[in-house]
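Please read the structure below before turning to the comments.
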Number of protein chains: 2
Amino acid sequence: MSSNNVYVIASSMVRVSRYFSKSYKDLVIDVVNELTSSVGSIDIDYLIVSNVFSDSILEQLDISTILAQELGLTPKPTLRVETGESSGLTAITQGYSLIKSGIADTVLVVGVEKCSEFPTPTMNKHFIKFLDYEVESIYGLSIVNEVSLLMKMYMRKYGYGRDDLSSWSVKMHSNALKNPYAQLRFLITKEQVVRSQVVSDPIRLLDMYPVGDGASAVLLSNRGDIVNNEVLEIVEIAQATSQPLNLREDLLSLPATKTVFNKLLSKSKLDLNDVIIEVHDSYSILGYLIIEELGLVERGRAPSIIDDLDNVNLSGGLKARGHPIGATGVYQVAEVFKIMTTGLGDIRRDSCWGLIHNMSAVDNNSVGVLVRRCSC
Amino acid sequence: MSSNNVYVIASSMVRVSRYFSKSYKDLVIDVVNELTSSVGSIDIDYLIVSNVFSDSILEQLDISTILAQELGLTPKPTLRVETGESSGLTAITQGYSLIKSGIADTVLVVGVEKCSEFPTPTMNKHFIKFLDYEVESIYGLSIVNEVSLLMKMYMRKYGYGRDDLSSWSVKMHSNALKNPYAQLRFLITKEQVVRSQVVSDPIRLLDMYPVGDGASAVLLSNRGDIVNNEVLEIVEIAQATSQPLNLREDLLSLPATKTVFNKLLSKSKLDLNDVIIEVHDSYSILGYLIIEELGLVERGRAPSIIDDLDNVNLSGGLKARGHPIGATGVYQVAEVFKIMTTGLGDIRRDSCWGLIHNMSAVDNNSVGVLVRRCSC
């Protein structure tokens with residue numbers, strides 16, 4: 001008899017990169033083959049695919065069924081979920097729900113995105129779709145515009161110069177150097193950040209995530225003992241939405257993220273310094289705001305602690321590991337699983353707890369997952 | 001304390017039509033307002049949106065969050081699901097899962113699609129995306145091509161002429177005449193079907209669904225007693241995928257649909273003649289094949305029983321009620337709810353059981369829901 005708990009029992013991914021010669025199917029087959037070879041023969045009851053741009057970029061709908069056919073998983077049921085940039089972690093929450101409800105015992109969650117199919121100017125027309133078309137993007141507003149506004153407000157409110165806000169990017173590149181799956185595996189300096197191309201002043205190219213392709217897979221099960229390796233239990237999940245930026249009172253708070261963190265942390269008295277944390281730093285200013293929302297540091301003080309931060313975005317984060325949109329949340333869970341069990345390259349921590357945060361646009365919606373290493 | 005059962009407690013919809021002057025938001029606001037005014041003040045824990053073409057047609061991703069903002073539902077979590085033409089019923093199954101798992105008590109499921117934003121030739125480029133791009137649609141194959149092949153095979157195998165296969169369409173238009181929400185509310189004759197425009201021989205225009213917009217809403221809850229009206233209990237759900245048509249041995253069977261019906265009906269000894277049934281008849285030949293798969297009639301005999309069929313697609317089916325792609329499955333549940341409780345226009349049946357079937361392409365995936373009237 002299986003328990004009612006939900007465990008992360010395996011994960012796999014390809015390095016985030018530009019795969020001009022591989023289709024989305026190739027990438028998914030690679031990660032699923034690696035995952036299944038690591039756990040042996042396990043019956044999969046349900047396939048969930050997190051993907052954002054299949055309709056507009058890949059000319060493909062019902063992509064979860066097409067992938068089930070390709071992977072030989074028919075007649076198993078499938079599902080594609082899409083909640084913008086947070087789709088990956090939303091997919092994990094749906095897998096959790098299907099197991100908790102007794103509908104499935106084991107769920108394969110796959111994240112995949114091909115952002116290199118078209119040149120960046122074309123892709124930019126798709127990236128703005130996370131904002132409200134009728135209210136925001138139709139008038140030319142994009143996420144980077146909104147984020148540049150936040151960065152200006154943050155600098156003014158707390159008295160920072162442009163240089164002071166480059167520490168996040170420097171740290172993320174330093175972390176990514178140790179992650180074999182990261183897209184940007186090279187060190188940068190604060191000077192390079194400030195001298196990089198202006199995207200939307202004061203946001204520079206090295207303040208933001210690179211465009212890349214990716215595929216990642218996570219196996220969820222109600223049987224933590226089905227594999228010989230260490231596994232993680234999903235202790236809590238949380239999801240929330242918020243009003244669009246133009247309707248918020250305090251632009252420097254992230255209301256959905258706040259709701260999510262409150263729910264994740266309300267039941268346990270965790271010291272966050274002992275937790276492996278992955279947050280959605282698509283832009284460096286969002287990284288600062290998120291760790292302030294998390295309570296790791298008081299508001300306005302985030303830039304001062306970055307150099308010493310040794311438990312946040314060990315993967316390199318969206319900034320340097322990369323952000324293959326629909327796949328990102330699945331990468332985050334896949335990475336935390338490896339960091340806390342077998343190791344992500346040389347990155348391994350004996351932490352008992354992991355916290356993952358994934359969001360869309362400037363916190364339009366936010367998702368969080370709290371995991372515990374079962375051997376703790 | 002709430003039960004672990006899941007109930008359909010309310011439904012609403014707009015007439016399927018071409019709404020040139022209404023946005024998708026307008027349509028959703030209309031159906032949600034109607035739904036909430038019918039049940040009074042009920043706390044909604046989760047919004048699920050079934051929509052297929054938002055990315056390519058509406059320039060909108062994360063549509064479920066945008067709708068939560070528009071409906072004043074923030075900070076409640078949201079989810080968009082997409083499994084091609086069966087997205088609507090897949091959304092219902094995810095709502096069921098979220099309630100069964102204890103994550104939510106009450107889930108609002110909304111289906112919405114705007115297929116009239118572009119002319120039909122443009123839309124046809126989107127409708128082929130349900131097939132595998134790399135294997136089928138890139139070479140010009142479309143669903144209507146596959147369906148015309150099946151129709152030819154069916155005619156040859158069972159000795160029917162073209163005229164003999166017009167009864168489904170005639171019946172559906174007759175049913176739709178009584179459904180105030182149906183798109184095609186006019187009678188047709190067999191002669192009109194056969195004389196209508198060729199789409200892909202032997203498929204004629206009146207053999208297939210019309211293009212239309214729609215929005216529909218269903219409220220699911222673990223509290224069947226929260227409203228004063230009669231409610232339905234979701235007794236069983238089932239989902240399955242199948243190999244693409246080119247890899248199937250028997251082209252005239254529908255393997256995913258078969259798996260779904262087997263699971264839905266295995267636990268109860270239902271006389272199908274007493275069940276209100278809604279099936280996915282996007283093309284009339286699929287209507288025949290589905291009711292044969294269901295066991296309502298032996299294989300090859302479906303055309304002979306259509307005139308007397310009084311419990312299948314009382315709504316008019318996809319053929320005549322219309323098929324607003326991502327909204328269709330939600331319409332099916334909304335209609336069955338009304339037929340079995342307050343009445344769908346003048347259509348009302350005291351049946352205890354309802355069975356709903358929704359699928360994508362030629363049975364690439366299929367979803368089924370079995371409901372029971374609680375007062376039975």
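Scheme for the structure tokens: letters A, B, ... for chains in order shown; per-chain residue numbers from 1; ligand numbers from 1 in order shown.
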
Using the chain letters and numbers from this document, which residues of range 8-70 of chain A does DSSP assign to alpha helix (DSSP H), as a compact mmCIF listing (two decimals) with C-alpha atoms, in the first residue's frame?
# COMPACT_ATOMS: atom_id res chain seq x y z
CA TYR A 24 12.06 19.58 -28.82
CA LYS A 25 11.38 15.87 -29.11
CA ASP A 26 15.12 15.09 -29.22
CA LEU A 27 15.68 17.11 -26.05
CA VAL A 28 12.82 15.42 -24.21
CA ILE A 29 13.90 11.95 -25.30
CA ASP A 30 17.41 12.71 -23.99
CA VAL A 31 16.23 13.74 -20.54
CA VAL A 32 13.63 11.00 -20.18
CA ASN A 33 16.13 8.34 -21.27
CA GLU A 34 18.62 9.60 -18.72
CA LEU A 35 15.99 9.69 -16.01
CA THR A 36 14.62 6.23 -16.66
CA SER A 37 18.10 4.73 -16.88
CA SER A 38 18.80 6.16 -13.42
CA VAL A 39 15.74 4.58 -11.78
CA ILE A 63 2.21 18.55 -27.14
CA SER A 64 1.86 16.29 -24.11
CA THR A 65 0.07 13.64 -26.18
CA ILE A 66 2.55 13.98 -29.04
CA LEU A 67 5.37 13.43 -26.53
CA ALA A 68 3.56 10.45 -24.96
CA GLN A 69 3.40 8.92 -28.45
CA GLU A 70 7.09 9.64 -29.03

| task | May I ask you to extract the residues of chain B within 8 Å of chain A, using only C-alpha atoms, and to give them as number ranges by chain? | result | B: 52-53, 55-56, 58-66, 68-69, 74-84, 90, 94, 97-103, 126, 129-133, 239-244, 256, 259, 364-365

Please, can I see chain B fitted onto chain A by all in-order Cα atoms (least squares), as a short mmCIF file (atom, residue, chain, number, x, y, z; two decimals) with C-alpha atoms, in the first residue's frame?
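File produced: superposed.cif:
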data_model
loop_
_atom_site.label_atom_id
_atom_site.label_comp_id
_atom_site.auth_asym_id
_atom_site.auth_seq_id
_atom_site.Cartn_x
_atom_site.Cartn_y
_atom_site.Cartn_z
CA MET B 1 -0.11 0.05 0.01
CA SER B 2 1.31 3.41 -0.93
CA SER B 3 1.42 6.42 1.31
CA ASN B 4 -0.35 9.68 0.75
CA ASN B 5 2.97 11.51 0.63
CA VAL B 6 4.52 12.75 -2.59
CA TYR B 7 8.23 12.28 -3.26
CA VAL B 8 10.66 13.57 -5.85
CA ILE B 9 12.50 10.34 -6.68
CA ALA B 10 14.61 11.26 -9.73
CA SER B 11 15.53 14.13 -12.01
CA SER B 12 17.43 14.85 -15.19
CA MET B 13 18.14 17.72 -17.56
CA VAL B 14 20.19 18.84 -20.52
CA ARG B 15 22.51 21.83 -20.34
CA VAL B 16 20.56 24.98 -21.17
CA SER B 17 21.87 26.08 -24.54
CA ARG B 18 20.90 26.85 -28.12
CA TYR B 19 20.14 23.52 -29.78
CA PHE B 20 19.84 24.41 -33.44
CA SER B 21 20.16 20.79 -34.54
CA LYS B 22 17.85 19.18 -32.00
CA SER B 23 14.08 19.28 -32.00
CA TYR B 24 12.04 19.58 -28.81
CA LYS B 25 11.38 15.85 -29.11
CA ASP B 26 15.10 15.08 -29.21
CA LEU B 27 15.69 17.11 -26.06
CA VAL B 28 12.81 15.41 -24.21
CA ILE B 29 13.90 11.93 -25.30
CA ASP B 30 17.40 12.70 -24.00
CA VAL B 31 16.22 13.74 -20.54
CA VAL B 32 13.62 10.98 -20.19
CA ASN B 33 16.12 8.32 -21.26
CA GLU B 34 18.61 9.59 -18.72
CA LEU B 35 15.97 9.69 -16.01
CA THR B 36 14.60 6.21 -16.66
CA SER B 37 18.08 4.73 -16.89
CA SER B 38 18.81 6.15 -13.43
CA VAL B 39 15.74 4.57 -11.79
CA GLY B 40 15.18 1.39 -13.80
CA SER B 41 11.78 0.12 -14.81
CA ILE B 42 9.06 2.17 -13.11
CA ASP B 43 5.49 2.34 -14.31
CA ILE B 44 4.52 5.91 -15.15
CA ASP B 45 0.80 6.68 -14.70
CA TYR B 46 0.67 10.20 -16.06
CA LEU B 47 2.78 12.57 -18.15
CA ILE B 48 2.63 16.30 -17.46
CA VAL B 49 4.36 18.64 -19.88
CA SER B 50 5.21 22.21 -19.03
CA ASN B 51 5.65 24.22 -22.19
CA VAL B 52 4.78 27.81 -23.04
CA PHE B 53 5.44 28.50 -26.73
CA SER B 54 4.55 25.23 -28.51
CA ASP B 55 1.57 26.79 -30.29
CA SER B 56 3.37 29.83 -31.69
CA ILE B 57 6.95 28.50 -32.04
CA LEU B 58 6.63 24.77 -32.68
CA GLU B 59 3.29 24.75 -34.59
CA GLN B 60 2.22 22.09 -32.12
CA LEU B 61 -0.78 21.80 -29.80
CA ASP B 62 -1.58 18.86 -27.51
CA ILE B 63 2.21 18.53 -27.14
CA SER B 64 1.85 16.28 -24.11
CA THR B 65 0.05 13.62 -26.18
CA ILE B 66 2.55 13.96 -29.04
CA LEU B 67 5.36 13.41 -26.52
CA ALA B 68 3.55 10.44 -24.96
CA GLN B 69 3.40 8.91 -28.45
CA GLU B 70 7.09 9.63 -29.03
CA LEU B 71 8.11 8.24 -25.63
CA GLY B 72 6.01 5.10 -25.99
CA LEU B 73 3.82 6.07 -23.05
CA THR B 74 0.41 5.67 -24.69
CA PRO B 75 -2.27 4.91 -23.47
CA LYS B 76 -1.22 6.83 -20.34
CA PRO B 77 -3.03 10.15 -19.89
CA THR B 78 -1.23 13.44 -20.36
CA LEU B 79 -1.60 17.11 -19.59
CA ARG B 80 0.04 20.31 -20.76
CA VAL B 81 0.05 23.18 -18.27
CA GLU B 82 0.85 26.80 -18.97
CA THR B 83 0.92 29.66 -16.51
CA GLY B 84 3.53 31.80 -18.24
CA GLU B 85 7.04 31.76 -16.82
CA SER B 86 5.95 29.76 -13.76
CA SER B 87 4.58 26.87 -15.84
CA GLY B 88 7.32 24.51 -14.71
CA LEU B 89 6.54 24.70 -11.03
CA THR B 90 2.81 24.72 -11.78
CA ALA B 91 3.34 21.41 -13.58
CA ILE B 92 5.01 20.04 -10.44
CA THR B 93 2.03 21.15 -8.34
CA GLN B 94 -0.40 19.38 -10.69
CA GLY B 95 1.66 16.20 -10.46
CA TYR B 96 1.51 16.55 -6.68
CA SER B 97 -2.27 16.99 -6.88
CA LEU B 98 -2.76 13.92 -9.11
CA ILE B 99 -0.81 11.77 -6.66
CA LYS B 100 -2.42 13.25 -3.52
CA SER B 101 -5.86 12.67 -5.05
CA GLY B 102 -5.10 9.01 -5.72
CA ILE B 103 -5.54 9.42 -9.49
CA ALA B 104 -1.89 8.54 -10.13
CA ASP B 105 0.89 6.80 -8.20
CA THR B 106 3.78 8.02 -10.32
CA VAL B 107 3.86 11.14 -12.49
CA LEU B 108 6.56 12.14 -14.97
CA VAL B 109 6.85 15.92 -15.22
CA VAL B 110 8.70 17.21 -18.26
CA GLY B 111 9.58 20.83 -18.98
CA VAL B 112 10.64 21.75 -22.49
CA GLU B 113 11.10 24.97 -24.44
CA LYS B 114 12.76 25.87 -27.76
CA CYS B 115 13.51 29.60 -27.67
CA SER B 116 16.23 29.47 -30.33
CA GLU B 117 13.92 28.55 -33.23
CA PHE B 118 13.69 32.22 -34.24
CA PRO B 119 16.02 35.21 -33.80
CA THR B 120 15.67 37.21 -30.61
CA PRO B 121 13.71 40.13 -32.17
CA THR B 122 11.03 37.65 -33.24
CA MET B 123 11.07 35.91 -29.88
CA ASN B 124 10.61 39.26 -28.15
CA LYS B 125 7.15 39.44 -29.74
CA HIS B 126 6.32 36.25 -27.88
CA PHE B 127 7.97 37.13 -24.58
CA ILE B 128 5.61 40.08 -24.08
CA LYS B 129 2.59 37.75 -24.09
CA PHE B 130 2.93 37.19 -20.35
CA LEU B 131 1.52 40.68 -19.83
CA ASP B 132 -2.15 41.55 -20.41
CA TYR B 133 -2.47 42.08 -24.17
CA GLU B 134 -5.47 44.39 -23.99
CA VAL B 135 -3.99 46.59 -21.26
CA GLU B 136 -0.21 46.34 -21.46
CA SER B 137 1.53 44.63 -24.36
CA ILE B 138 -0.70 46.09 -27.09
CA TYR B 139 0.66 49.50 -26.06
CA GLY B 140 4.26 48.36 -26.33
CA LEU B 141 4.86 47.67 -22.67
CA SER B 142 7.14 44.72 -21.99
CA ILE B 143 8.33 42.99 -18.85
CA VAL B 144 11.77 44.58 -19.10
CA ASN B 145 10.10 48.02 -19.13
CA GLU B 146 8.26 47.20 -15.93
CA VAL B 147 11.38 45.77 -14.35
CA SER B 148 13.47 48.82 -15.28
CA LEU B 149 10.88 50.97 -13.49
CA LEU B 150 11.25 48.85 -10.37
CA MET B 151 15.04 49.07 -10.56
CA LYS B 152 14.90 52.87 -10.77
CA MET B 153 12.50 53.05 -7.84
CA TYR B 154 14.67 50.71 -5.77
CA MET B 155 17.81 52.76 -6.48
CA ARG B 156 16.05 56.02 -5.58
CA LYS B 157 14.28 54.70 -2.46
CA TYR B 158 17.33 53.04 -0.92
CA GLY B 159 20.03 55.33 -2.28
CA TYR B 160 21.89 52.89 -4.53
CA GLY B 161 23.93 53.75 -7.59
CA ARG B 162 23.83 51.62 -10.72
CA ASP B 163 27.15 49.94 -9.74
CA ASP B 164 25.75 48.74 -6.43
CA LEU B 165 23.17 46.54 -8.19
CA SER B 166 25.58 44.43 -10.20
CA SER B 167 26.49 42.04 -7.39
CA TRP B 168 23.61 39.63 -8.12
CA SER B 169 24.76 38.96 -11.67
CA VAL B 170 28.39 38.53 -10.63
CA LYS B 171 27.38 36.02 -7.96
CA MET B 172 25.11 34.04 -10.27
CA HIS B 173 27.81 33.65 -12.90
CA SER B 174 30.18 32.51 -10.19
CA ASN B 175 27.65 29.88 -9.06
CA ALA B 176 26.91 28.76 -12.63
CA LEU B 177 30.56 28.00 -13.21
CA LYS B 178 30.11 24.92 -11.00
CA ASN B 179 26.82 23.80 -12.59
CA PRO B 180 27.37 21.55 -15.63
CA TYR B 181 23.84 22.30 -16.88
CA ALA B 182 24.16 26.11 -16.78
CA GLN B 183 24.05 28.16 -19.97
CA LEU B 184 26.46 30.96 -18.97
CA ARG B 185 29.48 29.27 -17.44
CA PHE B 186 31.89 32.18 -17.27
CA LEU B 187 32.79 34.74 -14.64
CA ILE B 188 31.87 38.40 -15.01
CA THR B 189 32.82 41.53 -13.10
CA LYS B 190 30.65 44.38 -11.87
CA GLU B 191 32.34 46.56 -14.46
CA GLN B 192 31.26 44.22 -17.25
CA VAL B 193 27.64 44.31 -16.05
CA VAL B 194 27.59 48.11 -16.05
CA ARG B 195 29.30 48.35 -19.43
CA SER B 196 27.06 45.76 -21.12
CA GLN B 197 24.43 46.78 -23.67
CA VAL B 198 21.47 48.84 -22.44
CA VAL B 199 18.21 46.90 -22.75
CA SER B 200 15.86 49.28 -20.93
CA ASP B 201 17.73 51.75 -18.78
CA PRO B 202 18.97 51.02 -16.12
CA ILE B 203 18.64 47.33 -17.09
CA ARG B 204 21.71 46.10 -18.99
CA LEU B 205 22.13 42.86 -20.88
CA LEU B 206 24.05 41.24 -18.02
CA ASP B 207 21.21 42.07 -15.61
CA MET B 208 18.89 39.64 -17.34
CA TYR B 209 18.50 36.00 -18.32
CA PRO B 210 19.88 34.71 -21.65
CA VAL B 211 17.65 33.18 -24.34
CA GLY B 212 18.08 29.42 -24.49
CA ASP B 213 16.51 26.02 -25.04
CA GLY B 214 16.09 23.39 -22.41
CA ALA B 215 14.45 20.19 -21.30
CA SER B 216 14.22 18.79 -17.81
CA ALA B 217 12.38 15.95 -16.12
CA VAL B 218 11.30 15.13 -12.60
CA LEU B 219 9.74 11.88 -11.42
CA LEU B 220 7.14 12.17 -8.65
CA SER B 221 5.76 9.19 -6.79
CA ASN B 222 3.86 8.20 -3.67
CA ARG B 223 6.53 5.50 -3.17
CA GLY B 224 9.65 7.04 -1.68
CA ASP B 225 11.21 3.59 -1.35
CA ILE B 226 10.88 2.61 -5.00
CA VAL B 227 14.43 3.73 -5.77
CA ASN B 228 17.67 3.02 -3.94
CA ASN B 229 18.80 6.63 -3.86
CA GLU B 230 17.92 9.34 -1.41
CA VAL B 231 14.65 11.09 -2.23
CA LEU B 232 12.90 14.31 -1.29
CA GLU B 233 9.40 14.65 0.12
CA ILE B 234 7.23 17.52 -1.08
CA VAL B 235 6.13 18.96 2.25
CA GLU B 236 4.15 21.95 1.04
CA ILE B 237 3.14 23.62 -2.20
CA ALA B 238 1.67 27.08 -2.70
CA GLN B 239 0.40 29.13 -5.63
CA ALA B 240 -0.94 32.67 -5.80
CA THR B 241 -1.81 35.39 -8.29
CA SER B 242 -1.67 39.16 -7.94
CA GLN B 243 -3.00 42.27 -9.58
CA PRO B 244 -1.02 43.63 -12.54
CA LEU B 245 1.75 46.07 -11.67
CA ASN B 246 -0.30 49.16 -12.54
CA LEU B 247 -2.86 48.34 -9.84
CA ARG B 248 -0.45 47.65 -6.97
CA GLU B 249 0.08 50.06 -4.09
CA ASP B 250 3.66 49.13 -3.26
CA LEU B 251 5.53 48.39 -6.46
CA LEU B 252 8.56 47.08 -4.60
CA SER B 253 6.68 44.29 -2.88
CA LEU B 254 5.73 41.06 -4.64
CA PRO B 255 2.26 40.15 -3.36
CA ALA B 256 1.85 36.69 -4.91
CA THR B 257 5.37 35.71 -3.89
CA LYS B 258 4.65 36.95 -0.37
CA THR B 259 1.49 34.81 -0.16
CA VAL B 260 3.41 31.79 -1.42
CA PHE B 261 6.31 32.18 1.03
CA ASN B 262 3.88 32.70 3.94
CA LYS B 263 2.10 29.45 3.12
CA LEU B 264 5.31 27.50 2.56
CA LEU B 265 6.92 28.61 5.81
CA SER B 266 3.93 28.95 8.14
CA LYS B 267 4.00 25.36 9.37
CA SER B 268 7.70 24.98 10.01
CA LYS B 269 10.20 27.05 11.98
CA LEU B 270 12.94 26.85 9.41
CA ASP B 271 16.18 28.79 9.64
CA LEU B 272 16.36 29.94 6.02
CA ASN B 273 20.14 29.91 6.17
CA ASP B 274 19.97 26.11 6.36
CA VAL B 275 17.67 25.79 3.34
CA ILE B 276 18.76 25.29 -0.28
CA ILE B 277 16.84 28.02 -2.09
CA GLU B 278 16.17 28.54 -5.80
CA VAL B 279 14.34 31.75 -6.75
CA HIS B 280 13.08 33.23 -10.02
CA ASP B 281 15.72 35.89 -10.80
CA SER B 282 14.85 36.57 -14.44
CA TYR B 283 16.22 40.08 -13.78
CA SER B 284 18.74 40.79 -11.04
CA ILE B 285 16.49 43.42 -9.40
CA LEU B 286 13.84 40.70 -9.00
CA GLY B 287 16.45 38.52 -7.27
CA TYR B 288 16.99 41.23 -4.67
CA LEU B 289 13.26 41.84 -4.20
CA ILE B 290 12.49 38.12 -3.85
CA ILE B 291 15.07 37.43 -1.14
CA GLU B 292 13.82 40.50 0.72
CA GLU B 293 10.24 39.17 0.41
CA LEU B 294 11.53 35.86 1.72
CA GLY B 295 12.87 37.60 4.81
CA LEU B 296 16.48 36.61 4.20
CA VAL B 297 17.39 40.27 4.65
CA GLU B 298 15.49 43.44 5.48
CA ARG B 299 14.03 45.55 2.68
CA GLY B 300 16.53 47.67 0.82
CA ARG B 301 19.51 45.70 2.17
CA ALA B 302 19.69 42.79 -0.27
CA PRO B 303 22.61 44.14 -2.36
CA SER B 304 24.82 44.21 0.74
CA ILE B 305 24.59 40.47 1.48
CA ILE B 306 24.97 38.95 -1.99
CA ASP B 307 28.71 38.33 -1.80
CA ASP B 308 28.24 36.11 1.27
CA LEU B 309 25.07 34.33 0.10
CA ASP B 310 25.91 30.62 -0.09
CA ASN B 311 22.52 28.90 -0.17
CA VAL B 312 20.56 30.79 -2.85
CA ASN B 313 20.55 29.86 -6.56
CA LEU B 314 23.54 27.54 -6.38
CA SER B 315 22.54 26.58 -9.94
CA GLY B 316 23.36 30.08 -11.14
CA GLY B 317 19.68 31.00 -11.22
CA LEU B 318 17.76 32.18 -14.25
CA LYS B 319 20.43 34.84 -14.66
CA ALA B 320 23.22 32.39 -15.42
CA ARG B 321 21.85 28.83 -15.50
CA GLY B 322 19.41 30.24 -18.03
CA HIS B 323 15.63 30.48 -18.37
CA PRO B 324 14.11 28.07 -20.89
CA ILE B 325 10.70 29.51 -20.05
CA GLY B 326 8.34 26.55 -19.60
CA ALA B 327 11.14 24.25 -18.49
CA THR B 328 12.61 26.53 -15.82
CA GLY B 329 10.51 25.45 -12.83
CA VAL B 330 11.22 21.80 -13.62
CA TYR B 331 14.95 22.61 -13.83
CA GLN B 332 14.76 24.28 -10.41
CA VAL B 333 13.29 21.14 -8.82
CA ALA B 334 15.62 18.86 -10.77
CA GLU B 335 18.63 20.86 -9.57
CA VAL B 336 17.56 21.03 -5.93
CA PHE B 337 16.98 17.26 -6.06
CA LYS B 338 20.53 16.71 -7.31
CA ILE B 339 22.13 19.26 -4.95
CA MET B 340 20.49 17.55 -1.95
CA THR B 341 21.11 13.95 -3.06
CA THR B 342 23.66 12.83 -5.69
CA GLY B 343 25.18 16.21 -6.40
CA LEU B 344 24.74 18.72 -9.20
CA GLY B 345 28.19 18.37 -10.74
CA ASP B 346 30.38 19.17 -7.72
CA ILE B 347 27.63 21.05 -5.94
CA ARG B 348 26.28 18.96 -3.09
CA ARG B 349 24.81 20.03 0.26
CA ASP B 350 23.60 17.95 3.16
CA SER B 351 20.76 20.36 3.83
CA CYS B 352 17.50 18.82 5.00
CA TRP B 353 15.29 21.42 3.33
CA GLY B 354 14.87 22.95 -0.10
CA LEU B 355 12.67 25.82 -1.22
CA ILE B 356 11.88 26.54 -4.86
CA HIS B 357 10.19 29.66 -6.21
CA ASN B 358 9.05 30.29 -9.79
CA MET B 359 6.98 33.24 -11.03
CA SER B 360 5.59 34.84 -14.18
CA ALA B 361 6.30 38.42 -15.31
CA VAL B 362 6.62 40.74 -12.30
CA ASP B 363 4.87 38.37 -9.90
CA ASN B 364 1.61 38.10 -11.88
CA ASN B 365 1.58 34.64 -10.47
CA SER B 366 3.98 32.80 -8.24
CA VAL B 367 4.45 29.17 -7.24
CA GLY B 368 6.49 27.66 -4.42
CA VAL B 369 7.46 24.19 -3.30
CA LEU B 370 9.05 23.15 -0.01
CA VAL B 371 10.93 19.85 0.01
CA ARG B 372 12.62 17.84 2.77
CA ARG B 373 15.32 15.22 2.41
CA CYS B 374 13.76 11.99 3.62
CA SER B 375 16.87 10.72 5.39
CA CYS B 376 16.91 13.78 7.68
#

Residue set, range 125-267 of chain A restricted to strand (DSSP E), as a PDB file with C-alpha atoms, in the first residue's frame:
ATOM      1  CA  VAL A 198      21.467  48.817 -22.455  1.00  0.00           C
ATOM      2  CA  VAL A 199      18.212  46.892 -22.755  1.00  0.00           C
ATOM      3  CA  SER A 200      15.855  49.271 -20.951  1.00  0.00           C
ATOM      4  CA  ILE A 203      18.644  47.318 -17.105  1.00  0.00           C
ATOM      5  CA  ARG A 204      21.710  46.088 -19.001  1.00  0.00           C
ATOM      6  CA  GLY A 214      16.100  23.398 -22.410  1.00  0.00           C
ATOM      7  CA  ALA A 215      14.467  20.191 -21.300  1.00  0.00           C
ATOM      8  CA  SER A 216      14.221  18.802 -17.808  1.00  0.00           C
ATOM      9  CA  ALA A 217      12.385  15.946 -16.121  1.00  0.00           C
ATOM     10  CA  VAL A 218      11.307  15.133 -12.592  1.00  0.00           C
ATOM     11  CA  LEU A 219       9.734  11.888 -11.423  1.00  0.00           C
ATOM     12  CA  LEU A 220       7.145  12.176  -8.648  1.00  0.00           C
ATOM     13  CA  SER A 221       5.777   9.182  -6.778  1.00  0.00           C
ATOM     14  CA  LEU A 232      12.900  14.312  -1.287  1.00  0.00           C
ATOM     15  CA  GLU A 233       9.405  14.644   0.125  1.00  0.00           C
ATOM     16  CA  ILE A 234       7.233  17.514  -1.064  1.00  0.00           C
ATOM     17  CA  VAL A 235       6.122  18.964   2.273  1.00  0.00           C
ATOM     18  CA  GLU A 236       4.143  21.945   1.045  1.00  0.00           C
ATOM     19  CA  ILE A 237       3.146  23.634  -2.186  1.00  0.00           C
ATOM     20  CA  ALA A 238       1.652  27.072  -2.698  1.00  0.00           C
ATOM     21  CA  GLN A 239       0.392  29.130  -5.622  1.00  0.00           C
ATOM     22  CA  ALA A 240      -0.945  32.668  -5.806  1.00  0.00           C
ATOM     23  CA  THR A 241      -1.803  35.401  -8.299  1.00  0.00           C
TER      24      THR A 241
END
